[in-house]
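S.K.: I'd like to ask you about the structure that follows.
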Amino acid sequence: MIYDLEKENKEILARYKDLINNTYRTLDEEQNKLIRKAFDIALDAHKDQRRKTGEPYIYHPIEVAKIVANEVGLGATSIACALLHDVIEDSEYTYEDLEKIFGKTIADIVSGLTKISVMNQQNISVQSENYRKLLLTLSEDFRVILIKIADRLHNMRTLDSMHPVKQKKIASETAYIYAPLAHRFGLYSIKSELEDLSLKYNNPDVYQEILGKLETAKEGREKYVEEFTKEVSEQLQEENLNFTIKGRAKAISSIYRKMQKQNVTFEEVYDNYAIRIIYKSDPRNEKFLAWKIYSIVTDLYQSNPSRMRDWISQPRSTGYESLHLTVMGPDKKWIEVQIRSERMNEIAEKGVAAHYKYKEGYRKNTDDQRFENWVTEIRDVLEQQQNLSTSELLDNIKLNLYSKEVFVFTPKGEIKILPTGATALDFAFSVHSDLGTKCLGAKINGKLVPISYVLQNGDQIDILSSQNQKPKPDWLDFVVTSKAKSKIKNILNSEKNINTSEGKEILQRKMRHAKLNFSDEEINGLQKSLNLKTSQDLFLGFQNGTFDIGDIKRYADGKSILSNLFQRFRKTSNKEDFIEKVDSNLDMIVFGKDEEKLNYSFAKCCTVIPGDKIFGFITISDGIKIHNDSCPNAINLRANYDYRVLQAKWVNAESFKNRIKIEIEGLDRIGMINDITAVISGSMNMDMKSMSISSNDGIFTGNINLEVKNKSQLEETFKQLKGINGVSKVKRT
């Protein structure tokens with residue numbers, strides 16, 4: 001292909017100028033020189049490289065640098081690192097070269113980004129282990145993660161050029177790890193965009209449907225915001241306030257989560273857009289003005305007290321501050337209103353990076369301290385959970401990434417922020433690990449409570465401890481913080497390892513007496529005969545006296561009998577008896593690029609009908625399982641085990657029937673059941689296996705089990721059912 005190099009060079013220079021001219025932070029001469037030097041090195045390193053779109057590769061680091069500068073809000077060092085982030089990986093420049101040109105800090109950050117990039121390209125079984133390494137970079141320099149989030153955001157924005165299979169892998173990984181990280185760093189806009197783009201590729205039908213409905217409602221939404229703005233502005237101007245009012249639709253992924261969580265349609269999500277009031281203020285009056293605006297809005301519109309959220313008096317651990325209220329707006333529909341100062345808005349948009357702009361004069365750096373505390377906690381979790389599986393580790397960390405929070409007080413009146421659902425024992429571990437391990441109980445507001453007590457906002461806690469206390473296995477049933485879980489598991493595992501070693505020695509002696517070899521084969525055989533999951537369970541059983549020499553002798557005798565039976569069976573059985581029976585529906589689904597016919601079964605975690613978008617997943621012990629693309633486990637499987645995911649497609653959908661369940665709801669009337677059955681059994685000629693309808697005060701709800709041939713038949717059925725007079729909702733469950 002022939003490229004217009006002169007035109008491309010002009011575009012490269014224009015993009016670089018745009019980066020410099022629109023940087024979030026004011027740059028001095030030295031900082032501009034640093035960024036220019038990084039740009040020149042990146043331009044040289046990538047001079048012969050192009051992206052899959054055919055564009056010069058240098059476009060990518062420039063765009064990542066723009067995100068770092070404007071959307072994340074980092075300074076010159078990070079902008080330079082963003083320009084250089086692929087240099088070590090994709091060119092002849094080395095770590096030593098960068099250290100010589102830019103110094104150790106920039107070389108270290110670029111090196112950290114290179115390690116993550118190499119990890120993400122490994123299509124092997126250690127993918128989840130790569131996430132552990134990625135998170136470990138938090139303890140080195142959190143700018144590595146922030147730049148990597150920017151890199152991932154640009155990759156997601158340009159994902160259209162990738163193969164669909166690769167799109168789903170990257171989108172799943174983004175939803176699984178990068179969106180939660182963006183959330184934790186306070187980058188709420190980036191987090192929402194990452195989740196929306198992930199949904200676009202993981203579940204395109206749902207994404208396009210919600211996007212279309214938002215576009216349809218756009219004109220009405222803009223008119224509504226205009227009316228709201230006019231009414232509120234008049235009152236705010238009378239108070240001589242300096243402010244702006246913005247209206248925005250909620251993120252598509254957020255609307256979809258509400259639809260799933262509340263089991264409602266798009267039309268029934270009553271707050272799918274929000275209004276934001278942003279005001280100017282000096283530090284002294286910032287909080288006062290927020291409540292003043294709150295008072296003006298609630299004087300004009302009826303508020304919903306249960307939906308009030310005050311994150312100004314007590315900010316989130318990410319530093320997020322805002323007043324959220326839900327009011328009955330001009331069109332008599334509920335709408336969310338957010339009230340925040342310009343400073344609060346910048347922190348909400350740019351997260352941790354914005355804190356450094358406002359270090360002096362606001363809250364004595366408590367926001368920065370909260371973030372630093374979180375980084376320290378994550379580092380402690382990573383260091384303490386060396387024996388934990390990576391998937392468990394990620395679950396623990398993601399709990400801390402996404403969880404809502406509760407604030408409580410120490411006996412001295414200091415505030416502690418913990419995840420919602422945290423217990424008195426979690427609090428003890430948050431104060432100090434030793435206090436947690438020796439925790440006997442607690443006094444909450446002066447009243448004695450057990451260590452499993454779930455903390456409430458405003459509780460004052462005094463922990464009771466004893467030197468004789470030590471962690472118990474049932475503690476893991478009620479603690480929720482990763483720090484508490486990791487410390488308890490470490491102590492329990494340490495004791496377990498000592499007991500396992502003792503049990504192993506005991507078993508070795510007893511097997512020698514029974515004239516059995518102490519080999520992996522014999523241990524596995526004994527383990528299976530006793531119906532145990534692991535050899536560790538076997539060793540512990542002999543250590544605590546659950547098993548003895550009699551169990552070993554019974555295993556040895558049974559082994560001898562089975563061996564004789566197997567020999568006889570081999571002589572008398574036909575070869576065909578050993579061939580695995582293949583499903584009669586084997587020709588329905590084929591796998592991979594070569595469209596191979598393989599044995600499979602359907603996963604129980606989702607419903608699959610012909611016509612659905614599907615994929616195969618190779619399980620450890622149960623062959624290939626077929627999942628719906630919208631399966632709740634799909635993102636986890638693709639993110640962690642992409643090497644076990646198989647492309648799958650339907651071949652002979654018409655010959656297959658599958659039973660599904662639908663919910664139907666509406667206004668009850670005489671003849672409603674007849675109309676429903678007329679559609680299902682009459683016009684659609686479907687087999688209805690069961691139907692239950694109940695009516696309460698004029699509203700009916702029903703569950704119907706159907707045999708469906710394919711997706712198009714189901715969609716037409718839904719269309720006709722929704723057309724019945726009085727039916728308000730039809731949904732597949």
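Residues are referred to by chain and number: the chain letter is A, B, ... according to the order shown in the structure tokens, the number counts from 1 in that chain, and ligands are numbered separately from 1 in the order shown.
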Skip Leu721 of chain A itself and residues of its chain fewer than 4 positions away, then list as a ChimeraX atom specification all residues within 10 Å of it, counting only C-alpha atoms.

M.R.: /A:664,675-680,715-717,725-730

S.K.: Can you pull out every residue within 6 Å of Ile335 of chain A, counting only C-alpha atoms, but drop anything in the same chain fewer than 3 positions away, and send it as number ranges by chain?

M.R.: A: 271, 326-327

S.K.: Put those residues in a file: C-alpha atoms, as a PDB file, in the first residue's frame.

M.R.:
ATOM      1  CA  ASP A 271     -33.075   7.606  36.657  1.00  0.00           C
ATOM      2  CA  THR A 326     -33.075  12.321  43.620  1.00  0.00           C
ATOM      3  CA  VAL A 327     -35.946  14.731  42.971  1.00  0.00           C
TER       4      VAL A 327
END

S.K.: Mind pulling up the distance from atom CA of Lys711 of chain A to atom CA of Lys661 of chain A?

M.R.: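 Taking atom CA of Lys661 of chain A and atom CA of Lys711 of chain A, their separation equals 13.5 Å.
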
S.K.: Which is closest to Glu349 of chain A among A:Ala182, A:Ile614, A:Ile210, A:Ile491, if we use only C-alpha atoms?

M.R.: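 Using only C-alpha atoms, Glu349 of chain A sits closest to A:Ala182.
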
S.K.: For atom CA of Ile79 of chain A and atom CA of Glu55 of chain A, determine how far apart the two atoms are, in Å to one decimal place.

M.R.: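 Computed distance, atom CA of Ile79 of chain A to atom CA of Glu55 of chain A, equals 21.4 Å.
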
S.K.: Compile the contact shell of Asn703 of chain A as a ChimeraX atom specification: residues with an atom at most 7 Å away, counting only C-alpha atoms, same-chain residues fewer than 3 positions apart removed.

M.R.: /A:661-664,691-693

S.K.: List every residue of segment 46-241 of chain A that DSSP, applied to the backbone of this structure, places in alpha helix (DSSP H), and write the result as a PyMOL selection string.

M.R.: chain A and resi 59-66+76-84+87-90+95-102+104-120+127-136+142-157+164-173+179-184+188-202+204-216+218-238

S.K.: Have a look at A:Gly73, A:Pro180, A:Gly103, A:Gly623 and name the one nearest to Arg143 of chain A; count only C-alpha atoms.

M.R.: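 Of all the options, A:Gly73 lies closest to Arg143 of chain A.
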
S.K.: Need to verify the contact set: Val72 of chain A, 12 Å, only C-alpha atoms, exclusion of same-chain residues closer than 5 positions in sequence. Can you return it as a VMD selection string?

M.R.: chain A and resid 23 to 25 64 to 67 78 to 79 82 143 145 to 151 153 182 185 to 191 346 to 355

S.K.: Skipping near chain neighbours, those fewer than 2 positions away, what residues fall within 6 Å of Leu540 of chain A using only C-alpha atoms, listed as a ChimeraX atom specification?

M.R.: /A:500,503,537-538,542-543

S.K.: Deliver the residues from the most recent selection as a file, using N, CA and C atoms, as a PDB file, in the first residue's frame.

M.R.:
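The new file part_31.pdb reads:
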ATOM      1  N   THR A 500       0.130 -31.303  58.240  1.00  0.00           N
ATOM      2  CA  THR A 500       0.244 -32.103  57.015  1.00  0.00           C
ATOM      3  C   THR A 500       1.553 -32.878  57.003  1.00  0.00           C
ATOM      4  N   GLY A 503       1.278 -35.768  59.336  1.00  0.00           N
ATOM      5  CA  GLY A 503       0.408 -36.802  58.768  1.00  0.00           C
ATOM      6  C   GLY A 503       1.089 -37.588  57.667  1.00  0.00           C
ATOM      7  N   ASP A 537      -5.635 -33.495  52.329  1.00  0.00           N
ATOM      8  CA  ASP A 537      -6.729 -34.002  53.161  1.00  0.00           C
ATOM      9  C   ASP A 537      -6.404 -35.405  53.680  1.00  0.00           C
ATOM     10  N   LEU A 538      -5.751 -36.188  52.831  1.00  0.00           N
ATOM     11  CA  LEU A 538      -5.360 -37.549  53.214  1.00  0.00           C
ATOM     12  C   LEU A 538      -4.356 -37.510  54.371  1.00  0.00           C
ATOM     13  N   PHE A 542      -4.790 -38.753  58.551  1.00  0.00           N
ATOM     14  CA  PHE A 542      -3.962 -39.665  59.341  1.00  0.00           C
ATOM     15  C   PHE A 542      -3.335 -38.944  60.538  1.00  0.00           C
ATOM     16  N   GLN A 543      -3.122 -37.637  60.415  1.00  0.00           N
ATOM     17  CA  GLN A 543      -2.553 -36.881  61.530  1.00  0.00           C
ATOM     18  C   GLN A 543      -3.551 -36.744  62.681  1.00  0.00           C
TER      19      GLN A 543
END

S.K.: Would you please work out which residue, of A:Val110, A:Met672, A:Ile624, A:Val225, is nearest to Thr77 of chain A when using only C-alpha atoms?

M.R.: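 Nearest candidate to Thr77 of chain A out of A:Val110, A:Met672, A:Ile624, A:Val225: A:Val110.
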
S.K.: Could you pull the residues within 6 Å of segment 588-597 of chain A, counting only C-alpha atoms, minus those fewer than 5 positions along the same chain, as a PyMOL selection string?

M.R.: chain A and resi 647-652

S.K.: Quick one: write out the picked residues with N, CA, C and O atoms as a PDB file, in the first residue's frame?

M.R.:
ATOM      1  N   GLN A 647     -14.019 -20.958  19.721  1.00  0.00           N
ATOM      2  CA  GLN A 647     -15.052 -20.395  18.858  1.00  0.00           C
ATOM      3  C   GLN A 647     -16.083 -21.489  18.584  1.00  0.00           C
ATOM      4  O   GLN A 647     -15.734 -22.648  18.357  1.00  0.00           O
ATOM      5  N   ALA A 648     -17.353 -21.123  18.585  1.00  0.00           N
ATOM      6  CA  ALA A 648     -18.402 -22.112  18.339  1.00  0.00           C
ATOM      7  C   ALA A 648     -19.485 -21.495  17.468  1.00  0.00           C
ATOM      8  O   ALA A 648     -19.781 -20.302  17.593  1.00  0.00           O
ATOM      9  N   LYS A 649     -20.092 -22.287  16.585  1.00  0.00           N
ATOM     10  CA  LYS A 649     -21.176 -21.787  15.738  1.00  0.00           C
ATOM     11  C   LYS A 649     -22.222 -22.878  15.524  1.00  0.00           C
ATOM     12  O   LYS A 649     -21.920 -24.075  15.585  1.00  0.00           O
ATOM     13  N   TRP A 650     -23.443 -22.432  15.271  1.00  0.00           N
ATOM     14  CA  TRP A 650     -24.549 -23.359  15.040  1.00  0.00           C
ATOM     15  C   TRP A 650     -24.503 -23.888  13.609  1.00  0.00           C
ATOM     16  O   TRP A 650     -24.164 -23.179  12.686  1.00  0.00           O
ATOM     17  N   VAL A 651     -24.882 -25.153  13.449  1.00  0.00           N
ATOM     18  CA  VAL A 651     -24.928 -25.757  12.117  1.00  0.00           C
ATOM     19  C   VAL A 651     -26.353 -26.129  11.745  1.00  0.00           C
ATOM     20  O   VAL A 651     -26.849 -25.798  10.680  1.00  0.00           O
ATOM     21  N   ASN A 652     -27.031 -26.797  12.682  1.00  0.00           N
ATOM     22  CA  ASN A 652     -28.348 -27.355  12.359  1.00  0.00           C
ATOM     23  C   ASN A 652     -29.354 -26.961  13.428  1.00  0.00           C
ATOM     24  O   ASN A 652     -29.943 -27.804  14.095  1.00  0.00           O
TER      25      ASN A 652
END

S.K.: Write down as a PyMOL selection string the residues of segment 476-681 of chain A whose backbone DSSP state falls under strand (DSSP E).

M.R.: chain A and resi 589-591+600-602+614-618+624-628+645-650+658-667

S.K.: For the residues selected in the previous step, produce a file with N, CA, C and O atoms as a short mmCIF file (atom, residue, chain, number, x, y, z; two decimals), in the first residue's frame.

M.R.:
data_model
loop_
_atom_site.label_atom_id
_atom_site.label_comp_id
_atom_site.auth_asym_id
_atom_site.auth_seq_id
_atom_site.Cartn_x
_atom_site.Cartn_y
_atom_site.Cartn_z
N ILE A 589 -23.38 -28.00 16.64
CA ILE A 589 -22.38 -26.97 16.92
C ILE A 589 -21.02 -27.48 16.45
O ILE A 589 -20.66 -28.63 16.68
N VAL A 590 -20.27 -26.59 15.78
CA VAL A 590 -18.91 -26.93 15.38
C VAL A 590 -17.96 -25.91 16.00
O VAL A 590 -18.37 -24.80 16.35
N PHE A 591 -16.68 -26.28 16.09
CA PHE A 591 -15.73 -25.49 16.87
C PHE A 591 -14.51 -25.09 16.06
O PHE A 591 -14.02 -25.86 15.22
N TYR A 600 -19.83 -32.22 23.31
CA TYR A 600 -20.04 -31.06 24.17
C TYR A 600 -21.31 -31.25 24.98
O TYR A 600 -22.13 -32.14 24.72
N SER A 601 -21.49 -30.40 25.97
CA SER A 601 -22.75 -30.31 26.72
C SER A 601 -22.97 -28.85 27.06
O SER A 601 -22.09 -28.02 26.90
N PHE A 602 -24.19 -28.54 27.52
CA PHE A 602 -24.53 -27.14 27.79
C PHE A 602 -24.27 -26.79 29.25
O PHE A 602 -24.60 -27.55 30.16
N ILE A 614 -22.69 -17.86 20.97
CA ILE A 614 -22.17 -18.84 21.94
C ILE A 614 -20.66 -18.97 21.84
O ILE A 614 -20.04 -18.49 20.89
N PHE A 615 -20.09 -19.64 22.84
CA PHE A 615 -18.68 -20.04 22.77
C PHE A 615 -18.53 -21.33 23.56
O PHE A 615 -19.35 -21.67 24.42
N GLY A 616 -17.48 -22.09 23.25
CA GLY A 616 -17.18 -23.31 23.99
C GLY A 616 -16.11 -23.03 25.02
O GLY A 616 -15.23 -22.19 24.82
N PHE A 617 -16.19 -23.75 26.13
CA PHE A 617 -15.16 -23.63 27.17
C PHE A 617 -14.71 -25.02 27.59
O PHE A 617 -15.53 -25.88 27.94
N ILE A 618 -13.39 -25.25 27.53
CA ILE A 618 -12.84 -26.57 27.87
C ILE A 618 -12.68 -26.65 29.38
O ILE A 618 -11.85 -25.96 29.96
N ILE A 624 -16.20 -30.17 26.95
CA ILE A 624 -16.52 -28.84 26.44
C ILE A 624 -17.91 -28.44 26.90
O ILE A 624 -18.88 -29.18 26.70
N LYS A 625 -18.02 -27.25 27.48
CA LYS A 625 -19.32 -26.70 27.89
C LYS A 625 -19.66 -25.52 26.98
O LYS A 625 -18.81 -24.68 26.70
N ILE A 626 -20.91 -25.46 26.55
CA ILE A 626 -21.37 -24.36 25.70
C ILE A 626 -22.01 -23.28 26.57
O ILE A 626 -22.91 -23.55 27.36
N HIS A 627 -21.53 -22.04 26.40
CA HIS A 627 -22.06 -20.89 27.14
C HIS A 627 -22.66 -19.87 26.19
O HIS A 627 -22.19 -19.70 25.06
N ASN A 628 -23.70 -19.19 26.65
CA ASN A 628 -24.23 -18.03 25.95
C ASN A 628 -23.22 -16.89 26.07
O ASN A 628 -22.57 -16.74 27.10
N VAL A 645 -10.96 -21.09 25.74
CA VAL A 645 -12.20 -20.68 25.07
C VAL A 645 -12.13 -21.07 23.60
O VAL A 645 -11.14 -20.82 22.92
N LEU A 646 -13.20 -21.70 23.10
CA LEU A 646 -13.27 -22.13 21.70
C LEU A 646 -14.34 -21.35 20.95
O LEU A 646 -15.43 -21.12 21.46
N GLN A 647 -14.02 -20.96 19.72
CA GLN A 647 -15.05 -20.39 18.86
C GLN A 647 -16.08 -21.49 18.58
O GLN A 647 -15.73 -22.65 18.36
N ALA A 648 -17.35 -21.12 18.58
CA ALA A 648 -18.40 -22.11 18.34
C ALA A 648 -19.48 -21.49 17.47
O ALA A 648 -19.78 -20.30 17.59
N LYS A 649 -20.09 -22.29 16.58
CA LYS A 649 -21.18 -21.79 15.74
C LYS A 649 -22.22 -22.88 15.52
O LYS A 649 -21.92 -24.08 15.58
N TRP A 650 -23.44 -22.43 15.27
CA TRP A 650 -24.55 -23.36 15.04
C TRP A 650 -24.50 -23.89 13.61
O TRP A 650 -24.16 -23.18 12.69
N ASN A 658 -35.21 -26.31 22.66
CA ASN A 658 -34.68 -26.08 24.00
C ASN A 658 -35.75 -25.44 24.86
O ASN A 658 -36.51 -24.60 24.39
N ARG A 659 -35.80 -25.85 26.11
CA ARG A 659 -36.81 -25.33 27.01
C ARG A 659 -36.29 -24.07 27.70
O ARG A 659 -35.20 -24.06 28.23
N ILE A 660 -37.09 -23.02 27.64
CA ILE A 660 -36.74 -21.79 28.32
C ILE A 660 -37.93 -21.32 29.15
O ILE A 660 -39.05 -21.79 28.98
N LYS A 661 -37.65 -20.36 30.02
CA LYS A 661 -38.69 -19.81 30.89
C LYS A 661 -38.82 -18.32 30.62
O LYS A 661 -37.83 -17.61 30.49
N ILE A 662 -40.08 -17.85 30.49
CA ILE A 662 -40.29 -16.42 30.30
C ILE A 662 -41.21 -15.89 31.39
O ILE A 662 -42.03 -16.62 31.94
N GLU A 663 -41.02 -14.62 31.72
CA GLU A 663 -41.90 -13.92 32.66
C GLU A 663 -42.76 -12.95 31.88
O GLU A 663 -42.28 -12.30 30.94
N ILE A 664 -44.02 -12.85 32.25
CA ILE A 664 -44.94 -11.93 31.58
C ILE A 664 -45.75 -11.19 32.64
O ILE A 664 -46.08 -11.75 33.69
N GLU A 665 -46.01 -9.91 32.38
CA GLU A 665 -46.67 -9.08 33.39
C GLU A 665 -47.55 -8.04 32.71
O GLU A 665 -47.27 -7.62 31.58
N GLY A 666 -48.64 -7.64 33.39
CA GLY A 666 -49.49 -6.60 32.81
C GLY A 666 -50.77 -6.40 33.60
O GLY A 666 -50.91 -6.88 34.74
N LEU A 667 -51.73 -5.68 32.99
CA LEU A 667 -53.03 -5.42 33.60
C LEU A 667 -53.95 -6.60 33.35
O LEU A 667 -54.13 -7.04 32.20
#

S.K.: Kindly indicate which residue among A:Met308, A:Leu530, A:Leu425, A:Leu199 lies nearest to Ser630 of chain A, using only C-alpha atoms for the distances.

M.R.: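 Going through A:Met308, A:Leu530, A:Leu425, A:Leu199 one by one, the smallest distance to Ser630 of chain A is for A:Leu199.
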
S.K.: Please indicate the distance in Å from atom CA of Ser313 of chain A to atom CA of Lys483 of chain A, rounded to one decimal place.

M.R.: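 Interatomic distance, atom CA of Ser313 of chain A to atom CA of Lys483 of chain A: 26.6 Å.
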